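Enquirer: Contents of input08.csv (CSV, C-alpha atoms) are below:
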chain,number,residue,atom,x,y,z
A,869,MET,CA,131.2,40.7,127.2
A,870,GLY,CA,128.3,38.3,126.8
A,871,TYR,CA,127.8,39.0,123.1
A,872,PRO,CA,129.9,38.5,119.9
A,873,ILE,CA,132.0,41.4,118.6
A,874,ILE,CA,131.4,41.9,114.8
A,875,SER,CA,133.6,44.0,112.5
A,876,ALA,CA,131.4,46.1,110.2
A,877,ASP,CA,134.2,46.6,107.7
A,878,SER,CA,136.9,44.1,106.9
A,879,HIS,CA,138.5,43.1,103.6
A,880,ILE,CA,139.8,40.2,101.6
A,881,THR,CA,143.1,40.1,99.7
A,882,GLU,CA,142.2,39.2,96.1
A,883,HIS,CA,143.8,35.9,95.2
A,884,PRO,CA,145.8,36.0,91.9
A,885,ASP,CA,143.0,34.1,90.2
A,886,THR,CA,140.1,36.2,91.6
A,887,TYR,CA,139.5,37.8,88.2
A,888,THR,CA,141.3,35.6,85.7
A,889,ALA,CA,139.5,32.4,86.8
A,890,TYR,CA,136.1,34.0,87.4
A,891,ILE,CA,135.7,36.6,84.7
A,892,ASP,CA,133.5,36.1,81.6
A,893,SER,CA,135.6,34.6,78.8
A,894,ALA,CA,135.3,37.7,76.5
A,895,TRP,CA,137.3,39.7,79.1
A,896,LYS,CA,139.8,37.0,80.1
A,897,ASP,CA,142.7,38.6,78.3
A,898,LYS,CA,142.1,42.0,80.0
A,899,ALA,CA,141.3,40.6,83.5
A,900,PRO,CA,143.2,42.2,86.4
A,901,LYS,CA,146.2,39.9,87.2
A,902,MET,CA,149.0,39.6,89.6
A,903,VAL,CA,152.5,40.2,88.3
A,904,ARG,CA,155.8,39.6,90.1
A,905,THR,CA,158.2,42.4,89.5
A,906,LYS,CA,161.9,42.8,90.3
A,907,ASN,CA,161.7,46.1,92.2
A,908,HIS,CA,158.2,46.3,93.4
A,909,GLY,CA,157.3,42.8,94.5
A,910,ASP,CA,153.9,41.4,93.5
A,911,VAL,CA,151.5,43.9,92.0
A,912,PHE,CA,148.0,43.7,90.5
A,913,VAL,CA,148.0,45.1,87.0
A,914,ILE,CA,144.7,46.5,85.7
A,915,ASP,CA,144.1,47.1,82.1
A,916,GLY,CA,143.4,50.8,81.5
A,917,MET,CA,144.9,52.0,84.7
A,918,ASP,CA,148.4,53.5,84.7
A,919,ARG,CA,149.5,52.6,88.2
A,920,PRO,CA,149.5,48.9,89.3
A,921,ILE,CA,148.4,48.1,92.8
A,922,ALA,CA,151.3,47.1,95.0
A,923,MET,CA,150.5,44.6,97.7
A,924,GLY,CA,152.6,46.0,100.6
A,925,LEU,CA,149.8,47.8,102.5
A,926,VAL,CA,147.0,45.5,101.4
A,927,ALA,CA,147.7,43.0,104.2
A,928,ALA,CA,150.0,44.7,106.6
A,929,ALA,CA,147.8,44.4,109.7
A,930,GLY,CA,149.8,43.9,112.8
A,931,LYS,CA,153.1,45.3,111.4
A,932,PRO,CA,154.8,48.1,113.3
A,933,ALA,CA,154.8,51.5,111.5
A,934,GLU,CA,158.5,51.4,110.7
A,935,GLU,CA,158.0,48.1,108.7
A,936,LEU,CA,155.1,49.4,106.5
A,937,THR,CA,156.1,49.6,102.9
A,938,GLU,CA,153.9,49.8,99.8
A,939,ALA,CA,156.1,47.9,97.5
A,940,GLY,CA,158.5,44.9,97.6
A,941,VAL,CA,156.1,42.5,99.2
A,942,LEU,CA,155.2,39.0,97.8
A,943,PHE,CA,151.8,37.4,97.8
A,944,GLU,CA,152.9,34.5,99.9
A,945,GLU,CA,154.1,36.9,102.6
A,946,LEU,CA,150.5,38.3,103.1
A,947,HIS,CA,148.0,37.2,105.7
A,948,ARG,CA,146.6,33.9,104.3
A,949,GLY,CA,143.2,34.7,105.8
A,950,GLY,CA,142.9,37.4,103.2
A,951,TRP,CA,142.1,34.8,100.6
A,952,ASP,CA,141.8,31.5,102.5
A,953,PRO,CA,138.4,31.3,104.4
A,954,ASP,CA,139.6,28.6,106.7
A,955,ALA,CA,142.7,30.5,107.8
A,956,ARG,CA,140.4,33.5,108.3
A,957,MET,CA,138.8,31.8,111.3
A,958,ALA,CA,142.1,31.8,113.2
A,959,ASP,CA,142.6,35.5,112.3
A,960,GLN,CA,139.1,36.3,113.7
A,961,ASP,CA,139.7,34.3,116.9
A,962,LYS,CA,143.1,36.0,117.5
A,963,ASP,CA,141.4,39.4,117.4
A,964,GLY,CA,138.4,38.4,119.4
A,965,VAL,CA,136.0,38.9,116.5
A,966,ALA,CA,133.2,36.5,115.8
A,967,ALA,CA,132.3,37.7,112.3
A,968,GLU,CA,133.2,40.3,109.7
A,969,VAL,CA,131.3,42.2,107.0
A,970,ILE,CA,133.7,41.7,104.0
A,971,TYR,CA,134.7,44.2,101.3
A,972,PRO,CA,137.2,44.0,98.4
A,973,THR,CA,140.6,45.5,98.2
A,974,VAL,CA,141.6,45.7,94.5
A,975,GLY,CA,137.9,46.1,93.9
A,976,LEU,CA,138.0,49.5,95.7
A,977,MET,CA,140.4,50.8,93.1
A,978,LEU,CA,138.4,49.3,90.2
A,979,CYS,CA,135.5,51.6,91.2
A,980,ASN,CA,137.6,54.4,89.8
A,981,HIS,CA,138.1,52.8,86.4
A,982,LYS,CA,136.7,54.9,83.6
A,983,ASP,CA,135.4,51.9,81.5
A,984,PHE,CA,132.1,50.9,83.0
A,985,ASP,CA,131.9,47.8,80.7
A,986,TYR,CA,135.2,46.6,82.1
A,987,LYS,CA,134.1,47.3,85.7
A,988,LYS,CA,130.9,45.3,85.1
A,989,ALA,CA,132.9,42.3,84.0
A,990,CYS,CA,135.4,42.6,86.9
A,991,PHE,CA,132.6,43.1,89.5
A,992,ASP,CA,130.7,40.1,88.2
A,993,ALA,CA,133.9,38.0,88.6
A,994,TYR,CA,134.5,39.3,92.1
A,995,ASN,CA,130.9,38.5,93.1
A,996,ARG,CA,131.4,34.9,92.1
A,997,TRP,CA,134.7,34.7,93.9
A,998,ILE,CA,133.5,36.4,97.2
A,999,ALA,CA,130.3,34.3,97.3
A,1000,GLU,CA,132.5,31.1,97.1
A,1001,TYR,CA,134.9,32.5,99.8
A,1002,CYS,CA,132.1,33.3,102.2
A,1003,SER,CA,130.2,30.1,101.6
A,1004,HIS,CA,132.8,28.2,103.6
A,1005,HIS,CA,131.8,30.0,106.8
A,1006,PRO,CA,128.5,31.9,106.0
A,1007,ASN,CA,127.8,32.9,109.6
A,1008,ARG,CA,131.2,34.5,110.1
A,1009,LEU,CA,132.1,35.8,106.6
A,1010,LEU,CA,129.4,38.3,105.5
A,1011,GLY,CA,130.3,39.4,102.0
A,1012,CYS,CA,129.3,42.5,100.1
A,1013,GLY,CA,128.9,42.3,96.4
A,1014,GLN,CA,129.8,45.0,93.9
A,1015,THR,CA,127.8,46.7,91.1
A,1016,ALA,CA,129.3,48.9,88.4
A,1017,MET,CA,126.0,50.9,88.1
A,1018,ARG,CA,126.2,51.3,84.4
A,1019,THR,CA,122.4,52.0,84.3
A,1020,PRO,CA,119.8,52.0,87.1
A,1021,ALA,CA,118.1,49.0,85.5
A,1022,GLU,CA,121.3,47.0,85.5
A,1023,GLY,CA,121.9,48.1,89.1
A,1024,VAL,CA,118.6,46.7,90.1
A,1025,ALA,CA,119.5,43.4,88.3
A,1026,ASP,CA,122.8,43.3,90.1
A,1027,LEU,CA,121.2,43.7,93.5
A,1028,HIS,CA,118.9,40.8,92.8
A,1029,ALA,CA,121.9,38.7,91.6
A,1030,ILE,CA,123.9,39.6,94.7
A,1031,LYS,CA,121.0,38.6,96.9
A,1032,GLU,CA,120.7,35.3,95.0
A,1033,ALA,CA,124.4,34.7,95.7
A,1034,ARG,CA,123.7,34.9,99.4
A,1035,LEU,CA,125.8,38.0,100.0
A,1036,ARG,CA,124.8,40.4,102.7
A,1037,GLY,CA,125.0,43.9,101.1
A,1038,VAL,CA,126.2,45.9,98.1
A,1039,MET,CA,129.2,48.1,97.7
A,1040,MET,CA,128.3,51.0,95.4
A,1041,PRO,CA,130.7,52.8,93.1
A,1042,GLY,CA,131.2,56.4,94.2
A,1043,ASN,CA,130.4,57.6,90.6
A,1044,PRO,CA,127.6,56.0,88.6
A,1045,ALA,CA,127.7,56.1,84.8
A,1046,GLU,CA,124.5,58.1,84.4
A,1047,GLU,CA,123.8,61.4,86.2
A,1048,ASP,CA,124.3,61.3,90.0
A,1049,TYR,CA,122.7,59.5,92.9
A,1050,ASP,CA,120.3,62.3,93.7
A,1051,SER,CA,118.6,61.9,90.3
A,1052,GLU,CA,115.2,60.3,90.4
A,1053,ILE,CA,116.4,57.8,87.7
A,1054,TYR,CA,117.9,55.9,90.7
A,1055,ASN,CA,114.6,55.5,92.4
A,1056,PRO,CA,114.2,51.9,91.2
A,1057,VAL,CA,117.6,51.1,92.8
A,1058,TRP,CA,116.5,52.4,96.2
A,1059,GLU,CA,113.2,50.6,95.9
A,1060,ALA,CA,115.0,47.3,95.1
A,1061,ALA,CA,117.4,47.8,98.1
A,1062,ILE,CA,114.5,48.3,100.4
A,1063,GLU,CA,112.6,45.3,99.0
A,1064,LEU,CA,115.6,43.0,99.3
A,1065,GLY,CA,116.5,44.3,102.8
A,1066,PHE,CA,120.0,45.4,101.5
A,1067,PRO,CA,122.1,48.1,103.0
A,1068,LEU,CA,124.0,50.0,100.3
A,1069,SER,CA,127.6,50.8,101.2
A,1070,PHE,CA,129.8,53.7,100.0
A,1071,HIS,CA,133.5,52.9,100.9
A,1072,ILE,CA,136.4,55.3,100.9
A,1073,LEU,CA,138.7,55.4,97.9
A,1074,THR,CA,135.9,54.6,95.4
A,1075,THR,CA,135.2,58.1,94.2
A,1076,ARG,CA,137.1,59.8,91.4
A,1077,GLY,CA,138.4,63.4,91.7
A,1078,GLY,CA,139.1,65.5,94.7
A,1079,GLY,CA,142.9,65.4,94.8
A,1080,HIS,CA,145.0,67.0,97.5
A,1081,ARG,CA,147.6,69.7,98.2
A,1082,GLY,CA,151.0,69.4,99.8
A,1083,PRO,CA,153.0,66.3,100.6
A,1084,ARG,CA,151.6,62.9,99.6
A,1085,LEU,CA,150.7,62.2,103.3
A,1086,ASN,CA,148.1,64.9,103.1
A,1087,SER,CA,146.2,62.8,100.7
A,1088,PHE,CA,145.6,60.4,103.6
A,1089,MET,CA,143.7,63.2,105.3
A,1090,SER,CA,141.4,63.8,102.3
A,1091,ILE,CA,140.0,60.3,101.7
A,1092,ILE,CA,136.8,60.9,103.8
A,1093,ARG,CA,135.7,63.9,101.7
A,1094,GLY,CA,134.4,61.8,98.9
A,1095,ASN,CA,132.1,59.9,101.3
A,1096,GLN,CA,130.9,63.1,102.9
A,1097,ASP,CA,130.0,64.5,99.5
A,1098,ILE,CA,127.9,61.4,98.7
A,1099,MET,CA,126.1,61.5,102.0
A,1100,GLY,CA,125.3,65.2,101.4
A,1101,THR,CA,124.1,64.4,97.9
A,1102,LEU,CA,121.7,61.8,99.1
A,1103,ILE,CA,120.3,64.1,101.9
A,1104,PHE,CA,120.1,67.4,100.0
A,1105,GLY,CA,118.9,65.5,96.9
A,1106,GLY,CA,115.9,64.3,98.7
A,1107,VAL,CA,116.7,60.6,98.4
A,1108,PHE,CA,115.8,59.8,102.1
A,1109,GLU,CA,112.8,62.1,101.9
A,1110,ARG,CA,111.5,59.9,99.1
A,1111,TYR,CA,112.7,56.6,100.7
A,1112,PRO,CA,112.8,56.9,104.5
A,1113,GLU,CA,113.4,53.1,104.8
A,1114,LEU,CA,116.6,53.2,102.8
A,1115,LYS,CA,119.7,52.3,104.8
A,1116,VAL,CA,123.2,53.5,103.6
A,1117,VAL,CA,126.6,52.7,105.1
A,1118,CYS,CA,129.4,55.3,105.1
A,1119,VAL,CA,132.3,52.9,105.3
A,1120,GLU,CA,135.8,53.5,106.8
A,1121,ALA,CA,135.5,57.3,106.7
A,1122,ASP,CA,135.6,57.5,110.5
A,1123,ALA,CA,132.8,59.0,112.6
A,1124,GLY,CA,134.2,61.6,114.9
A,1125,TRP,CA,133.4,64.3,112.3
A,1126,VAL,CA,129.6,63.4,112.3
A,1127,PRO,CA,128.4,65.8,115.1
A,1128,HIS,CA,130.0,68.8,113.3
A,1129,TYR,CA,128.7,67.6,109.9
A,1130,LEU,CA,125.2,67.4,111.4
A,1131,TYR,CA,125.5,71.0,112.6
A,1132,ARG,CA,126.9,72.2,109.3
A,1133,MET,CA,124.2,70.6,107.2
A,1134,ASP,CA,121.4,72.1,109.4
A,1135,HIS,CA,123.1,75.5,109.3
A,1136,ALA,CA,123.4,75.4,105.5
A,1137,TYR,CA,119.7,74.2,105.1
A,1138,THR,CA,118.4,76.8,107.6
A,1139,ARG,CA,120.1,79.7,105.9
A,1140,HIS,CA,120.3,78.6,102.3
A,1141,ARG,CA,117.6,76.1,101.6
A,1142,ASN,CA,116.8,78.0,98.4
A,1143,TRP,CA,119.9,76.3,97.0
A,1144,LEU,CA,118.2,73.0,97.0
A,1145,GLY,CA,117.4,71.5,93.6
A,1146,GLU,CA,114.2,72.4,91.8
A,1147,GLY,CA,111.2,70.5,93.2
A,1148,ILE,CA,113.1,69.2,96.3
A,1149,GLU,CA,111.2,69.6,99.6
A,1150,LEU,CA,112.7,68.3,102.9
A,1151,SER,CA,110.2,67.7,105.7
A,1152,LYS,CA,113.0,67.3,108.3
A,1153,LEU,CA,116.3,68.8,109.1
A,1154,PRO,CA,119.3,67.3,107.2
A,1155,SER,CA,120.7,66.0,110.5
A,1156,GLU,CA,117.6,63.9,111.0
A,1157,TYR,CA,118.0,62.1,107.8
A,1158,PHE,CA,121.6,61.4,108.5
A,1159,SER,CA,120.8,60.2,112.0
A,1160,GLU,CA,118.2,57.8,110.8
A,1161,ASN,CA,119.3,56.6,107.4
A,1162,ILE,CA,123.1,56.6,107.5
A,1163,TYR,CA,125.4,54.2,109.4
A,1164,THR,CA,129.0,55.0,109.8
A,1165,THR,CA,131.9,52.5,110.4
A,1166,PHE,CA,135.1,53.4,112.2
A,1167,GLN,CA,138.2,51.7,113.7
A,1168,ASP,CA,140.3,53.4,116.3
A,1169,ASP,CA,138.5,56.7,116.1
A,1170,TRP,CA,138.4,57.6,119.8
A,1171,VAL,CA,136.5,60.8,119.0
A,1172,ALA,CA,133.6,58.7,117.7
A,1173,PHE,CA,133.5,56.8,121.0
A,1174,ARG,CA,133.7,60.0,123.0
A,1175,CYS,CA,131.1,61.8,121.0
A,1176,ALA,CA,128.6,58.9,120.8
A,1177,ASP,CA,126.0,60.8,122.7
A,1178,GLN,CA,126.2,63.7,120.2
A,1179,MET,CA,125.0,61.5,117.3
A,1180,ASN,CA,122.7,58.5,116.9
A,1181,TRP,CA,124.9,55.7,118.4
A,1182,ARG,CA,122.4,53.2,117.1
A,1183,ARG,CA,124.0,54.0,113.7
A,1184,LEU,CA,127.6,53.6,114.8
A,1185,MET,CA,129.4,50.4,113.9
A,1186,TRP,CA,133.0,49.5,114.9
A,1187,ALA,CA,135.3,47.7,112.5
A,1188,ASN,CA,138.8,46.3,112.5
A,1189,ASP,CA,139.7,46.8,108.8
A,1190,PHE,CA,141.6,43.5,108.7
A,1191,PRO,CA,144.0,42.9,106.9
A,1192,HIS,CA,144.8,46.4,105.7
A,1193,SER,CA,147.6,48.5,107.1
A,1194,ASP,CA,145.1,50.7,109.1
A,1195,SER,CA,143.7,47.6,110.9
A,1196,THR,CA,143.5,47.4,114.7
A,1197,TRP,CA,144.2,43.6,114.4
A,1198,PRO,CA,145.5,41.8,116.5
A,1199,TRP,CA,145.1,44.3,119.4
A,1200,SER,CA,141.5,45.3,118.8
A,1201,GLN,CA,140.4,44.0,122.3
A,1202,GLU,CA,143.0,46.1,124.1
A,1203,MET,CA,142.0,49.2,122.1
A,1204,LEU,CA,138.3,48.7,122.7
A,1205,ALA,CA,138.9,48.1,126.4
A,1206,GLU,CA,140.6,51.5,126.6
A,1207,GLN,CA,138.3,53.5,124.3
A,1208,CYS,CA,134.9,52.1,125.4
A,1209,GLN,CA,135.4,52.8,129.1
A,1210,HIS,CA,133.0,55.7,129.3
A,1211,LEU,CA,130.2,54.1,127.2
A,1212,THR,CA,127.2,52.6,128.9
A,1213,ASP,CA,126.8,48.8,128.6
A,1214,GLU,CA,123.9,49.4,126.1
A,1215,GLN,CA,126.0,51.7,123.9
A,1216,ARG,CA,128.9,49.4,123.9
A,1217,GLU,CA,126.9,46.4,122.9
A,1218,ALA,CA,125.1,48.3,120.2
A,1219,ILE,CA,128.3,49.7,118.6
A,1220,LEU,CA,130.3,46.5,118.8
A,1221,CYS,CA,127.5,44.0,117.9
A,1222,GLY,CA,123.8,45.0,117.9
A,1223,ASN,CA,123.8,47.7,115.3
A,1224,VAL,CA,125.6,45.7,112.6
A,1225,ALA,CA,123.6,42.5,113.6
A,1226,ASP,CA,120.3,44.4,113.1
A,1227,LEU,CA,121.4,46.0,109.8
A,1228,TYR,CA,122.6,42.8,108.2
A,1229,HIS,CA,120.0,40.5,109.8
A,1230,ILE,CA,122.6,38.4,111.6
A,1231,ASP,CA,121.3,35.6,113.8
A,1232,LEU,CA,123.4,36.1,116.9
A,1233,SER,CA,122.4,32.8,118.5
A,1234,THR,CA,123.7,30.9,115.5
A,1235,LEU,CA,126.8,33.1,115.3
A,1236,VAL,CA,127.7,32.5,119.0
A,1237,ALA,CA,127.4,28.8,118.5
A,1238,THR,CA,129.4,28.8,115.3
A,1239,ALA,CA,132.2,31.0,116.7
A,1240,ALA,CA,132.5,28.9,119.9
Take the structure from the file and write it as structure tokens.
Expert:
Amino acid sequence: MGYPIISADSHITEHPDTYTAYIDSAWKDKAPKMVRTKNHGDVFVIDGMDRPIAMGLVAAAGKPAEELTEAGVLFEELHRGGWDPDARMADQDKDGVAAEVIYPTVGLMLCNHKDFDYKKACFDAYNRWIAEYCSHHPNRLLGCGQTAMRTPAEGVADLHAIKEARLRGVMMPGNPAEEDYDSEIYNPVWEAAIELGFPLSFHILTTRGGGHRGPRLNSFMSIIRGNQDIMGTLIFGGVFERYPELKVVCVEADAGWVPHYLYRMDHAYTRHRNWLGEGIELSKLPSEYFSENIYTTFQDDWVAFRCADQMNWRRLMWANDFPHSDSTWPWSQEMLAEQCQHLTDEQREAILCGNVADLYHIDLSTLVATAA
């Protein structure tokens, strides 16, 4: 295509020693650890959480649907690139991807832990581990650190520490410890993110609550709602009004829903703006804040490709979600060839490369040379 394809949302598979070897000594006995079980294969056991994390779907990229199973899988059966940065290069090459923005896996679930002190210790450990992982191929492995957001002041300190570790962004927990993200107590966090040039990411599955009705499969349909609620909170809470330079990433929640969401927000604001919080004044329509300040990542969401003209395609970023079970790896190129047919060359390059490169300050000339 003449430009490198970059995945805006991929993952690691936490190595068994990700937390035990990197966590502060005071928390070592309670660190998340991998346990081999007789009936469920290898699972990550997390102190304070009732249900362990089975590894079956964590690294099931490329498996046919009939072979997908949550339990009964051993660590050594998983894609080695999930924890070995050198093996990851071959995984990227096989999928035609030159670089990936990297998020955690077990760390997603840890966002929902009720003990913020425990989360802080785990996220600090993860940040050390992911920084080391990405350091082996810093042009192709673009890690996002984690913050527990116990307090806004500590969140600011975490952002600076993550920047010092040479990571590229910050994954925020869906629920902070104090108030909510529309509160002005988080103004210093937004100011720090802008100062550091950091995009702040909200990933699916990192928000408590919600639930679902009906069969368990219906819960799969509900996972984007938490992200939508956060985006609405930031918009209607006046966060982007106060900080128009703030960049937020709505990660793995698809994007085909965005045009309707833009309409629905504007309708709500036009008819019911008196429901806004006290003292909040918006100088633009909600859809304008979304279109400028919020980036969305998606995988095989053909609706997003088809509806690119109905939203700001300069804020759309494609991802392969490797090595998770939802991943388009290793057939991403075939999928993209089919679903991108109607896009202009400019739109295709922006969605597959330019938008994520601009957001994360990726040097494309260096990346092309490294990937080659």
Enquirer: Tell me, as a ChimeraX atom specification, which residues lie within 6 Å of Gln1167 in chain A, counting only C-alpha atoms; anything in the same chain fewer than 2 positions away does not count.
Expert: /A:1169,1186-1188
Enquirer: In terms of the shortest atom-to-atom distance over all atoms listed in the file, which of A:Leu1144, A:Trp895, A:Ala929, A:Thr1101 is closest to Tyr1049 in chain A?
Expert: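 Going through A:Leu1144, A:Trp895, A:Ala929, A:Thr1101 one by one, the smallest distance to Tyr1049 in chain A is for A:Thr1101.
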Enquirer: With all atoms listed in the file as the atoms that count, which of A:Asp1097, A:Asp1026, A:Glu1217, A:Glu1032 lies nearest to Asp1048 in chain A?
Expert: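 When distances to Asp1048 in chain A are compared using all atoms listed in the file, the smallest one comes from A:Asp1097.
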Enquirer: Out of A:Ala1025, A:Ala966, A:Met1099, A:Ile880, which residue has the shortest atom-to-atom distance to Asp992 in chain A when counting all atoms listed in the file?
Expert: A:Ala1025
Enquirer: Could you list, as a list in words, every residue within 7 Å of Lys987 in chain A, counting only C-alpha atoms and ignoring same-chain residues fewer than 4 positions away?
Expert: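 The contact residues come out as Leu978, His981, Asp983, Phe991 and Ala1016 of chain A.
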Enquirer: Hey, can you spit out that residue selection with C-alpha atoms as an mmCIF file, in the frame of the given file?
Expert:
data_model
loop_
_atom_site.group_PDB
_atom_site.id
_atom_site.type_symbol
_atom_site.label_atom_id
_atom_site.label_comp_id
_atom_site.auth_asym_id
_atom_site.auth_seq_id
_atom_site.Cartn_x
_atom_site.Cartn_y
_atom_site.Cartn_z
ATOM 1 C CA LEU A 978 138.400 49.300 90.200
ATOM 2 C CA HIS A 981 138.100 52.800 86.400
ATOM 3 C CA ASP A 983 135.400 51.900 81.500
ATOM 4 C CA PHE A 991 132.600 43.100 89.500
ATOM 5 C CA ALA A 1016 129.300 48.900 88.400
#
Enquirer: Report, in Å with one decimal, the straight-line distance from CA of Leu1232 in chain A to CA of Ile1062 in chain A.
Expert: 22.4 Å
Enquirer: Work out how far apart CA of Tyr890 in chain A and CA of Ala993 in chain A are and give it in Å to one decimal.
Expert: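 Straight-line distance from CA of Tyr890 in chain A to CA of Ala993 in chain A works out to 4.7 Å.
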Enquirer: Would you please work out which residue, of A:Ala1218, A:Cys1002, A:Leu925, A:Ala1060, is nearest to Ala1176 in chain A when using only C-alpha atoms?
Expert: A:Ala1218
Enquirer: Give me the residues near Asp1189 in chain A as a list in words, where near means some atom within 7 Å (using all atoms listed in the file) and where sequence neighbours in that chain fewer than 5 positions away do not count.
Expert: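 Neighbouring residues, sequence-local ones excluded: Asp877, Ser878, His879, Asp1194 and Ser1195 of chain A.
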Enquirer: List the spatial neighbours of range 915-918 of chain A as a list in words - criterion: any atom at most 8 Å away, all atoms listed in the file, same-chain residues fewer than 6 positions off excluded.
Expert: Lys898, Ala899, Pro900 and His981 of chain A
Enquirer: Output C-alpha atoms for every residue in that selection, as an mmCIF file, in the frame of the given file.
Expert:
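selection.cif, written as the output of this step:
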data_model
loop_
_atom_site.group_PDB
_atom_site.id
_atom_site.type_symbol
_atom_site.label_atom_id
_atom_site.label_comp_id
_atom_site.auth_asym_id
_atom_site.auth_seq_id
_atom_site.Cartn_x
_atom_site.Cartn_y
_atom_site.Cartn_z
ATOM 1 C CA LYS A 898 142.100 42.000 80.000
ATOM 2 C CA ALA A 899 141.300 40.600 83.500
ATOM 3 C CA PRO A 900 143.200 42.200 86.400
ATOM 4 C CA HIS A 981 138.100 52.800 86.400
#
